[in-house]
file query10.txt (compact mmCIF, C-alpha atoms)
# COMPACT_ATOMS: atom_id res chain seq x y z
CA MET N 1 -230.58 80.15 -96.47
CA THR N 2 -228.08 81.89 -98.76
CA THR N 3 -229.03 81.69 -102.42
CA ALA N 4 -226.02 80.00 -104.02
CA GLY N 5 -226.47 81.57 -107.44
CA SER N 6 -225.88 85.01 -105.93
CA ALA N 7 -223.49 84.03 -103.16
CA GLN N 8 -220.19 85.87 -103.00
CA GLY N 9 -217.16 84.87 -101.04
CA PRO N 10 -214.93 87.39 -99.28
CA SER N 11 -213.23 88.33 -102.59
CA SER N 12 -215.09 90.02 -105.43
CA LEU N 13 -215.18 88.36 -108.85
CA HIS N 14 -214.33 89.91 -112.21
CA CYS N 15 -214.76 88.46 -115.70
CA LEU N 16 -211.49 87.24 -117.17
CA ARG N 17 -212.49 88.46 -120.64
CA CYS N 18 -214.30 91.80 -120.26
CA GLY N 19 -213.29 92.76 -116.72
CA GLN N 20 -216.86 93.33 -115.52
CA GLU N 21 -217.54 92.75 -111.82
CA VAL N 22 -219.81 89.72 -111.55
CA GLY N 23 -222.20 88.71 -108.79
CA GLY N 24 -222.84 85.01 -108.38
CA LEU N 25 -221.09 81.87 -109.54
CA ALA N 26 -222.57 81.35 -113.01
CA GLY N 27 -219.87 83.18 -114.97
CA CYS N 28 -220.04 86.50 -116.79
CA PRO N 29 -223.58 87.30 -118.04
CA ARG N 30 -222.34 89.87 -120.57
CA CYS N 31 -220.03 87.36 -122.29
CA ALA N 32 -222.64 84.60 -122.03
CA ALA N 33 -225.02 86.85 -124.00
CA GLU N 34 -222.40 86.74 -126.78
CA GLY N 35 -222.42 82.94 -126.63
CA ILE N 36 -219.08 82.69 -124.81
CA GLY N 37 -218.80 81.11 -121.35
CA VAL N 38 -216.26 83.02 -119.25
CA ASN N 39 -215.45 82.52 -115.60
CA ALA N 40 -215.30 85.44 -113.20
CA MET N 41 -212.35 85.04 -110.83
CA PRO N 42 -211.04 86.65 -107.64
CA PRO N 43 -207.89 88.81 -107.83
CA LEU N 44 -204.53 87.12 -108.13
CA ALA N 45 -202.69 86.69 -104.84
CA ASP N 46 -199.57 88.67 -103.98
CA LEU N 47 -196.79 86.22 -103.06
CA GLU N 48 -194.26 88.90 -102.11
CA GLY N 49 -192.41 87.91 -98.93
CA LEU N 50 -193.19 84.20 -99.27
CA GLU N 51 -190.47 81.58 -99.74
CA LEU N 52 -190.88 78.34 -101.67
CA SER N 53 -188.69 76.54 -99.14
CA SER N 54 -191.31 77.15 -96.44
CA TYR N 55 -194.31 76.16 -98.55
CA ARG N 56 -195.94 73.08 -96.99
CA GLY N 57 -197.86 72.03 -100.08
CA GLY N 58 -201.55 71.75 -100.89
CA PRO N 59 -204.12 74.56 -101.07
CA TRP N 60 -203.71 75.40 -97.39
CA GLY N 61 -199.90 75.51 -97.49
CA TRP N 62 -200.23 79.23 -98.18
CA PRO N 63 -203.76 79.99 -96.93
CA GLU N 64 -203.30 83.72 -97.55
CA THR N 65 -203.29 83.03 -101.31
CA LEU N 66 -206.89 81.74 -101.21
CA PRO N 67 -210.11 83.80 -101.51
CA VAL N 68 -211.57 82.40 -98.27
CA SER N 69 -210.87 83.48 -94.72
CA GLY N 70 -212.57 80.83 -92.61
CA PRO N 71 -210.99 77.71 -91.14
CA PRO N 72 -209.54 75.20 -93.62
CA VAL N 73 -211.52 72.17 -94.70
CA THR N 74 -208.91 69.53 -95.30
CA LEU N 75 -208.25 65.81 -95.56
CA GLY N 76 -204.52 66.22 -96.20
CA GLU N 77 -204.80 66.93 -99.94
CA GLY N 78 -201.86 68.10 -102.04
CA ASP N 79 -198.11 67.54 -101.80
CA THR N 80 -198.49 64.77 -104.38
CA PRO N 81 -195.39 62.95 -105.69
CA ASN N 82 -193.41 63.65 -108.84
CA ILE N 83 -192.43 60.42 -110.56
CA ARG N 84 -189.83 60.29 -113.32
CA LEU N 85 -191.07 58.21 -116.25
CA ARG N 86 -189.00 56.05 -118.55
CA THR N 87 -188.20 57.58 -121.92
CA ASP N 88 -186.16 54.75 -123.44
CA PRO N 89 -187.35 53.16 -126.72
CA ALA N 90 -188.94 50.21 -124.89
CA ALA N 91 -191.04 52.58 -122.77
CA LEU N 92 -192.15 54.51 -125.84
CA GLY N 93 -193.19 51.30 -127.50
CA ASP N 94 -192.26 52.42 -131.00
CA GLY N 95 -188.48 52.42 -131.05
CA GLN N 96 -188.31 56.23 -131.15
CA ALA N 97 -186.22 57.66 -128.34
CA PRO N 98 -186.30 61.33 -127.29
CA GLU N 99 -183.21 63.47 -127.48
CA CYS N 100 -180.50 62.72 -124.93
CA GLY N 101 -180.96 64.61 -121.67
CA SER N 102 -184.70 65.09 -121.87
CA GLU N 103 -186.81 64.24 -118.84
CA LEU N 104 -190.46 63.29 -118.46
CA TRP N 105 -192.10 63.55 -115.06
CA LEU N 106 -195.57 62.67 -113.81
CA LYS N 107 -197.19 64.65 -111.02
CA TYR N 108 -199.42 61.96 -109.56
CA GLU N 109 -202.66 63.49 -108.31
CA GLY N 110 -204.03 60.02 -107.61
CA GLY N 111 -202.20 60.42 -104.29
CA ASN N 112 -204.92 62.78 -103.04
CA PRO N 113 -207.45 61.51 -100.43
CA THR N 114 -210.22 60.57 -102.88
CA GLY N 115 -207.76 59.69 -105.65
CA SER N 116 -207.91 62.76 -107.92
CA HIS N 117 -206.88 66.39 -108.36
CA LYS N 118 -210.47 67.44 -107.61
CA ASP N 119 -209.68 67.27 -103.88
CA ARG N 120 -207.65 70.48 -104.18
CA ALA N 121 -210.67 72.36 -105.52
CA MET N 122 -213.27 70.85 -103.24
CA ALA N 123 -211.28 71.60 -100.10
CA VAL N 124 -211.44 75.30 -100.96
CA GLY N 125 -214.94 75.21 -102.47
CA VAL N 126 -216.49 73.66 -99.37
CA ALA N 127 -214.70 76.20 -97.17
CA ALA N 128 -216.21 78.95 -99.35
CA ALA N 129 -219.64 77.34 -99.03
CA LEU N 130 -219.34 77.41 -95.25
CA GLU N 131 -218.60 81.15 -95.38
CA THR N 132 -221.86 81.78 -97.22
CA GLY N 133 -223.85 79.88 -94.60
CA ALA N 134 -224.85 77.14 -97.04
CA ASP N 135 -226.17 73.89 -95.60
CA THR N 136 -226.21 71.95 -98.91
CA VAL N 137 -223.60 71.78 -101.66
CA ALA N 138 -224.15 70.37 -105.13
CA ALA N 139 -221.93 69.07 -107.93
CA ALA N 140 -222.57 67.83 -111.46
CA SER N 141 -219.93 65.25 -112.23
CA SER N 142 -218.70 62.37 -114.37
CA GLY N 143 -217.30 60.95 -111.13
CA ASN N 144 -214.13 62.44 -109.66
CA ALA N 145 -215.56 65.84 -108.72
CA GLY N 146 -218.60 64.17 -107.19
CA ALA N 147 -216.47 61.90 -105.02
CA ALA N 148 -214.35 64.82 -103.86
CA ALA N 149 -217.41 66.99 -103.18
CA ALA N 150 -218.95 64.20 -101.13
CA ALA N 151 -215.80 63.69 -99.08
CA TYR N 152 -215.18 67.35 -98.24
CA ALA N 153 -218.83 68.09 -97.60
CA GLY N 154 -218.86 65.19 -95.18
CA ARG N 155 -215.74 66.55 -93.51
CA ALA N 156 -217.46 69.91 -93.06
CA GLY N 157 -220.80 68.44 -91.94
CA LEU N 158 -222.72 69.65 -95.01
CA ARG N 159 -225.32 67.84 -97.06
CA CYS N 160 -224.09 66.99 -100.57
CA VAL N 161 -226.09 66.21 -103.72
CA VAL N 162 -224.22 64.90 -106.77
CA PHE N 163 -225.77 64.86 -110.25
CA THR N 164 -224.27 62.06 -112.37
CA ASP N 165 -225.34 60.26 -115.55
CA GLU N 166 -225.58 56.77 -116.96
CA GLY N 167 -221.92 56.80 -118.04
CA ILE N 168 -220.40 57.00 -114.57
CA PRO N 169 -218.09 54.03 -113.81
CA PRO N 170 -219.58 51.75 -111.13
CA ALA N 171 -216.58 52.17 -108.82
CA LEU N 172 -217.00 55.94 -108.84
CA ALA N 173 -220.74 55.71 -108.25
CA ALA N 174 -220.06 53.42 -105.29
CA GLN N 175 -217.43 55.82 -103.94
CA ILE N 176 -219.88 58.74 -104.05
CA ASP N 177 -222.56 56.69 -102.29
CA LEU N 178 -220.23 55.43 -99.58
CA LEU N 179 -218.98 58.96 -98.89
CA GLY N 180 -222.54 59.90 -97.99
CA ALA N 181 -223.71 62.07 -100.89
CA GLU N 182 -227.19 61.85 -102.37
CA GLN N 183 -226.65 60.77 -105.98
CA VAL N 184 -229.13 61.85 -108.66
CA ARG N 185 -228.68 59.87 -111.89
CA CYS N 186 -229.67 61.85 -115.01
CA GLU N 187 -230.29 60.42 -118.48
CA GLY N 188 -228.70 62.37 -121.31
CA GLY N 189 -225.04 62.84 -120.37
CA PHE N 190 -223.35 65.96 -119.07
CA THR N 191 -225.90 68.33 -120.61
CA ALA N 192 -228.71 66.70 -118.61
CA ARG N 193 -226.82 66.55 -115.33
CA ASN N 194 -225.75 70.21 -115.61
CA ALA N 195 -229.31 71.27 -116.40
CA ALA N 196 -230.63 69.33 -113.40
CA MET N 197 -228.07 70.97 -111.14
CA ALA N 198 -228.89 74.43 -112.52
CA ARG N 199 -232.55 73.89 -111.61
CA ALA N 200 -231.59 72.77 -108.11
CA VAL N 201 -229.35 75.80 -107.57
CA GLU N 202 -232.12 78.13 -108.74
CA GLU N 203 -235.00 76.44 -106.89
CA HIS N 204 -233.32 75.33 -103.66
CA GLY N 205 -230.40 77.73 -103.27
CA TRP N 206 -227.83 74.93 -103.00
CA TYR N 207 -224.22 76.06 -103.18
CA PRO N 208 -222.67 74.96 -106.54
CA LEU N 209 -219.21 73.40 -106.35
CA THR N 210 -219.01 72.77 -110.11
CA SER N 211 -220.14 74.36 -113.36
CA PHE N 212 -223.91 74.52 -113.85
CA SER N 213 -224.59 77.20 -116.47
CA ALA N 214 -224.52 77.18 -120.27
CA PRO N 215 -222.37 77.97 -122.11
CA SER N 216 -220.09 76.62 -119.39
CA PRO N 217 -217.61 79.15 -117.99
CA GLY N 218 -215.81 76.54 -115.89
CA GLY N 219 -216.14 75.53 -112.26
CA ASN N 220 -216.71 77.38 -108.99
CA PRO N 221 -214.15 80.24 -109.08
CA TYR N 222 -213.31 80.00 -105.38
CA ALA N 223 -212.82 76.24 -105.58
CA ASP N 224 -210.66 76.54 -108.70
CA GLU N 225 -208.14 78.64 -106.77
CA GLY N 226 -207.15 75.41 -105.04
CA TYR N 227 -205.50 74.31 -108.28
CA LYS N 228 -202.88 77.05 -107.99
CA SER N 229 -201.20 74.80 -105.45
CA VAL N 230 -200.14 72.43 -108.26
CA ALA N 231 -197.97 75.24 -109.66
CA TYR N 232 -196.60 76.14 -106.23
CA GLU N 233 -195.59 72.52 -105.59
CA LEU N 234 -193.93 72.13 -108.98
CA ALA N 235 -191.97 75.36 -108.46
CA ARG N 236 -190.82 74.18 -105.03
CA ASP N 237 -190.00 70.62 -106.04
CA PHE N 238 -188.10 71.60 -109.20
CA ALA N 239 -186.46 74.67 -107.63
CA GLY N 240 -183.46 75.84 -109.63
CA ARG N 241 -184.55 73.93 -112.73
CA ARG N 242 -186.58 75.22 -115.64
CA ILE N 243 -189.76 73.29 -116.39
CA ASP N 244 -190.28 73.77 -120.12
CA ALA N 245 -193.85 72.52 -120.32
CA VAL N 246 -196.67 71.25 -118.12
CA VAL N 247 -199.16 68.99 -119.93
CA VAL N 248 -202.68 69.01 -118.47
CA PRO N 249 -205.67 66.77 -119.31
CA THR N 250 -208.27 69.35 -120.27
CA SER N 251 -212.04 69.50 -120.46
CA ARG N 252 -213.43 72.76 -119.03
CA ALA N 253 -209.88 73.85 -118.16
CA ASP N 254 -210.37 74.47 -114.44
CA LEU N 255 -207.07 72.72 -113.66
CA LEU N 256 -205.26 74.28 -116.63
CA SER N 257 -206.41 77.77 -115.67
CA GLY N 258 -205.56 77.28 -112.01
CA ILE N 259 -202.04 76.10 -112.79
CA GLU N 260 -201.48 79.10 -115.07
CA ARG N 261 -202.71 81.51 -112.40
CA GLY N 262 -200.40 79.90 -109.85
CA PHE N 263 -197.35 80.25 -112.09
CA ARG N 264 -198.31 83.83 -112.94
CA GLU N 265 -198.37 84.67 -109.23
CA LEU N 266 -195.00 82.97 -108.72
CA ALA N 267 -193.41 84.84 -111.62
CA ALA N 268 -194.77 88.19 -110.44
CA ALA N 269 -193.13 87.62 -107.04
CA GLY N 270 -189.84 86.50 -108.58
CA LEU N 271 -190.20 83.00 -107.14
CA VAL N 272 -189.67 81.45 -110.60
CA SER N 273 -187.54 82.91 -113.37
CA ALA N 274 -190.09 82.01 -116.03
CA ALA N 275 -193.46 80.28 -116.16
CA PRO N 276 -193.61 77.05 -118.20
CA ARG N 277 -195.56 76.66 -121.40
CA LEU N 278 -198.90 74.96 -120.76
CA VAL N 279 -200.29 72.27 -123.05
CA ALA N 280 -203.93 71.18 -123.11
CA ALA N 281 -204.06 67.40 -123.65
CA GLU N 282 -207.27 66.16 -125.28
CA ALA N 283 -208.73 62.93 -126.60
CA ALA N 284 -209.15 63.16 -130.38
CA GLY N 285 -212.86 62.39 -130.09
CA ALA N 286 -213.44 65.51 -128.00
CA ALA N 287 -210.85 68.19 -128.73
CA PRO N 288 -212.26 71.74 -128.86
CA PHE N 289 -209.01 73.43 -127.82
CA THR N 290 -207.02 71.68 -130.54
CA ALA N 291 -209.66 72.72 -133.08
CA ALA N 292 -209.77 76.28 -131.78
CA LEU N 293 -206.03 76.85 -132.03
CA ARG N 294 -206.09 75.96 -135.72
CA HIS N 295 -207.63 79.41 -136.20
CA ALA N 296 -205.21 82.33 -136.27
CA ASP N 297 -207.81 84.79 -135.02
CA ARG N 298 -208.63 84.74 -131.31
CA ALA N 299 -212.23 85.75 -131.94
CA ALA N 300 -212.63 82.63 -134.07
CA GLN N 301 -210.91 80.52 -131.43
CA GLU N 302 -213.31 81.52 -128.67
CA ARG N 303 -216.33 80.73 -130.85
CA THR N 304 -215.15 77.29 -132.01
CA ARG N 305 -217.63 74.43 -131.80
CA VAL N 306 -216.89 70.73 -132.35
CA ARG N 307 -218.88 67.53 -132.19
CA SER N 308 -217.77 65.70 -129.05
CA HIS N 309 -217.80 61.89 -129.02
CA PRO N 310 -217.51 59.62 -125.96
CA THR N 311 -214.03 58.16 -125.43
CA ALA N 312 -212.27 55.96 -122.89
CA ALA N 313 -211.07 59.23 -121.33
CA PHE N 314 -214.60 59.70 -119.97
CA SER N 315 -213.84 62.80 -117.89
CA LEU N 316 -212.66 64.77 -120.95
CA GLY N 317 -214.80 66.21 -123.70
CA GLU N 318 -216.67 69.41 -124.46
CA GLU N 319 -218.18 70.98 -127.55
CA ARG N 320 -216.57 74.38 -126.94
CA PRO N 321 -213.25 75.52 -125.53
CA CYS N 322 -213.85 77.22 -122.18
CA TRP N 323 -212.48 80.75 -122.42
CA GLN N 324 -210.46 80.39 -119.22
CA GLY N 325 -208.46 77.61 -120.90
CA LEU N 326 -207.77 79.65 -124.02
CA ASP N 327 -206.62 82.50 -121.78
CA ALA N 328 -204.20 80.17 -119.98
CA LEU N 329 -202.77 78.93 -123.28
CA TRP N 330 -202.44 82.44 -124.71
CA ARG N 331 -200.72 83.78 -121.60
CA SER N 332 -198.26 80.87 -121.37
CA GLY N 333 -197.49 80.62 -125.09
CA GLY N 334 -198.98 77.15 -124.96
CA THR N 335 -200.81 74.86 -127.30
CA ALA N 336 -203.31 71.99 -127.42
CA VAL N 337 -202.71 68.47 -128.71
CA ALA N 338 -205.27 65.72 -129.38
CA VAL N 339 -204.41 62.02 -129.19
CA ALA N 340 -206.23 59.07 -130.69
CA GLU N 341 -207.83 56.59 -128.29
CA LYS N 342 -205.64 53.73 -129.50
CA GLU N 343 -202.54 55.70 -128.53
CA PHE N 344 -203.57 56.79 -125.04
CA VAL N 345 -205.07 53.40 -124.11
CA ALA N 346 -201.77 51.77 -125.12
CA GLU N 347 -199.97 54.34 -122.95
CA GLN N 348 -202.26 53.57 -120.03
CA ARG N 349 -201.42 49.85 -120.31
CA ARG N 350 -197.67 50.49 -120.62
CA LEU N 351 -197.69 52.66 -117.50
CA ALA N 352 -199.69 50.05 -115.59
CA GLN N 353 -197.09 47.42 -116.44
CA GLN N 354 -194.47 49.77 -114.97
CA GLY N 355 -196.43 50.09 -111.71
CA LEU N 356 -198.47 53.22 -112.42
CA LEU N 357 -202.22 52.72 -112.64
CA LEU N 358 -203.70 55.93 -114.09
CA GLU N 359 -207.12 56.82 -115.39
CA ALA N 360 -207.35 57.10 -119.17
CA SER N 361 -207.51 60.91 -119.06
CA SER N 362 -204.12 60.99 -117.36
CA ALA N 363 -202.68 58.70 -120.01
CA VAL N 364 -203.78 61.27 -122.60
CA ALA N 365 -201.45 63.79 -120.94
CA VAL N 366 -198.53 61.35 -120.84
CA SER N 367 -199.05 60.51 -124.52
CA VAL N 368 -198.90 64.20 -125.41
CA ALA N 369 -195.84 64.74 -123.22
CA ARG N 370 -193.99 61.90 -124.96
CA ARG N 371 -194.71 63.51 -128.34
CA MET N 372 -193.16 66.72 -127.07
CA LEU N 373 -190.02 64.93 -125.94
CA ARG N 374 -189.49 63.55 -129.43
CA GLU N 375 -189.40 67.08 -130.82
CA ARG N 376 -186.61 68.49 -128.63
CA ALA N 377 -184.76 67.97 -125.36
CA GLU N 378 -186.61 69.51 -122.42
CA LEU N 379 -188.07 68.87 -119.00
CA VAL N 380 -191.77 68.11 -119.31
CA VAL N 381 -194.25 67.41 -116.51
CA ALA N 382 -197.52 65.58 -117.25
CA ILE N 383 -200.31 65.90 -114.72
CA GLY N 384 -201.72 62.49 -113.80
CA THR N 385 -205.13 63.65 -112.63
CA ALA N 386 -206.47 60.47 -111.03
CA THR N 387 -205.82 56.88 -110.12
CA GLY N 388 -206.97 54.20 -112.54
CA MET N 389 -208.49 52.22 -109.68
CA LYS N 390 -211.77 54.03 -110.31
CA GLN N 391 -212.08 52.62 -113.83
CA LEU N 392 -211.26 48.98 -113.15
CA GLY N 393 -213.83 46.59 -114.57
CA THR N 394 -215.09 49.04 -117.21
CA ASP N 395 -214.39 49.45 -120.91
CA ALA N 396 -212.82 52.81 -120.04
CA ALA N 397 -210.07 50.93 -118.22
CA GLY N 398 -208.76 49.68 -121.50
CA GLY N 399 -210.23 46.22 -121.06

call {"tool": "encode", "arguments": {"input": "query10.txt", "output": "structure tokens"}}
result
Amino acid sequence: MTTAGSAQGPSSLHCLRCGQEVGGLAGCPRCAAEGIGVNAMPPLADLEGLELSSYRGGPWGWPETLPVSGPPVTLGEGDTPNIRLRTDPAALGDGQAPECGSELWLKYEGGNPTGSHKDRAMAVGVAAALETGADTVAAASSGNAGAAAAAYAGRAGLRCVVFTDEGIPPALAAQIDLLGAEQVRCEGGFTARNAAMARAVEEHGWYPLTSFSAPSPGGNPYADEGYKSVAYELARDFAGRRIDAVVVPTSRADLLSGIERGFRELAAAGLVSAAPRLVAAEAAGAAPFTAALRHADRAAQERTRVRSHPTAAFSLGEERPCWQGLDALWRSGGTAVAVAEKEFVAEQRRLAQQGLLLEASSAVAVSVARRMLRERAELVVAIGTATGMKQLGTDAAGG
């Protein structure tokens, strides 16, 4: 059996911060020794010769841009809809209208097979696992990643073990079980579930589809390349128009980093005139990126620590800003914004009454995007990471 902690895919990995070549999927050991979790990623793809008009959508729409060479593992993920949201005073709920001509769009990732953006990553991550010869994949998850891992592992005929904790919504736990994964419930929140997964990776050689080391560098670097497809789809769907900002619900910044990498590849190939500014959307109870960017010095930013409190946006929240997210914000000229729970829960309810049932974490992004529209006229896209169906019947659903 291949030992997952040392498994390499077909592309070599290099630390985003120090440039060192890294073996394994636990992030850069040199930076970790400094107390900073940094992902090691494969090289950026060269998009020269590709045309957005021929891009089919999803991670496998341009398979040559991915760091795997085996057959695709797919359930039809990607190509999710863009929905224009109301920006009139009634929709804002406070009588404050944005400037005339501004537009707010939602890219609805709840349209993916298991109902979240995690399907894009797990499709690629499971394909990478197959290339290493793994027979078991593992994920530590608050819910969405575990469901996606279970689904794509099942598609590929692999055993899947998901480490969750006592805070997982019942609907998500049921989804993971029904999809055939072995669920291990850990007491002690995300720290406990990550530690349990780390032991399993070390002792059993299971292939890790999510982060498992501390300080966390982010998720599986091969899987995270699936998130570049969000940028490709936005560039195709808004062709000829400038997207001023993309607002992303952010925890360990796998999605944020993947979107930035995708836009960087597009810009390098001349497929977009300019990459949009990226904005990390956080719940105020767990906002390390917002705290970090209050420091002028980047060295202080990457060493920021906060006390993270549970919020209705249960899939968000870390004590440190993952370096890959800071890198994405620095490169795109972006920022981070934290929103109070009262505000994003109210947004979640307003959207539901307009026909859009989103998880609370997605409502955080929409709340931040609306704030941006009040500042100046622009085209802003908020990423709606998951359907709210998974939270129904819980306090996290705003009930």

call {"tool": "closest_residue", "arguments": {"input": "query10.txt", "among": "N:Thr387, N:Thr210, N:Ser53, N:Ser69", "to": "N:Tyr232", "atoms": "all atoms listed in the file"}}
result
N:Ser53

call {"tool": "atom_distance", "arguments": {"input": "query10.txt", "atom1": "atom CA of N:His309", "atom2": "atom CA of N:Met372"}}
result
25.2 Å

call {"tool": "closest_residue", "arguments": {"input": "query10.txt", "among": "N:Glu166, N:Glu265, N:Glu260, N:Glu202", "to": "N:Leu50", "atoms": "only C-alpha atoms"}}
result
N:Glu265

call {"tool": "closest_residue", "arguments": {"input": "query10.txt", "among": "N:Phe238, N:Phe190, N:Trp206, N:Tyr152", "to": "N:Ala223", "atoms": "all atoms listed in the file"}}
result
N:Tyr152

call {"tool": "atom_distance", "arguments": {"input": "query10.txt", "atom1": "atom CA of N:Ser213", "atom2": "atom CA of N:Met197"}}
result
8.9 Å

call {"tool": "closest_residue", "arguments": {"input": "query10.txt", "among": "N:Gly133, N:Gly388, N:Pro288, N:Gly219", "to": "N:Glu318", "atoms": "all atoms listed in the file"}}
result
N:Pro288

call {"tool": "closest_residue", "arguments": {"input": "query10.txt", "among": "N:Leu373, N:Leu357, N:Leu179, N:Ala173", "to": "N:Gly111", "atoms": "all atoms listed in the file"}}
result
N:Leu357
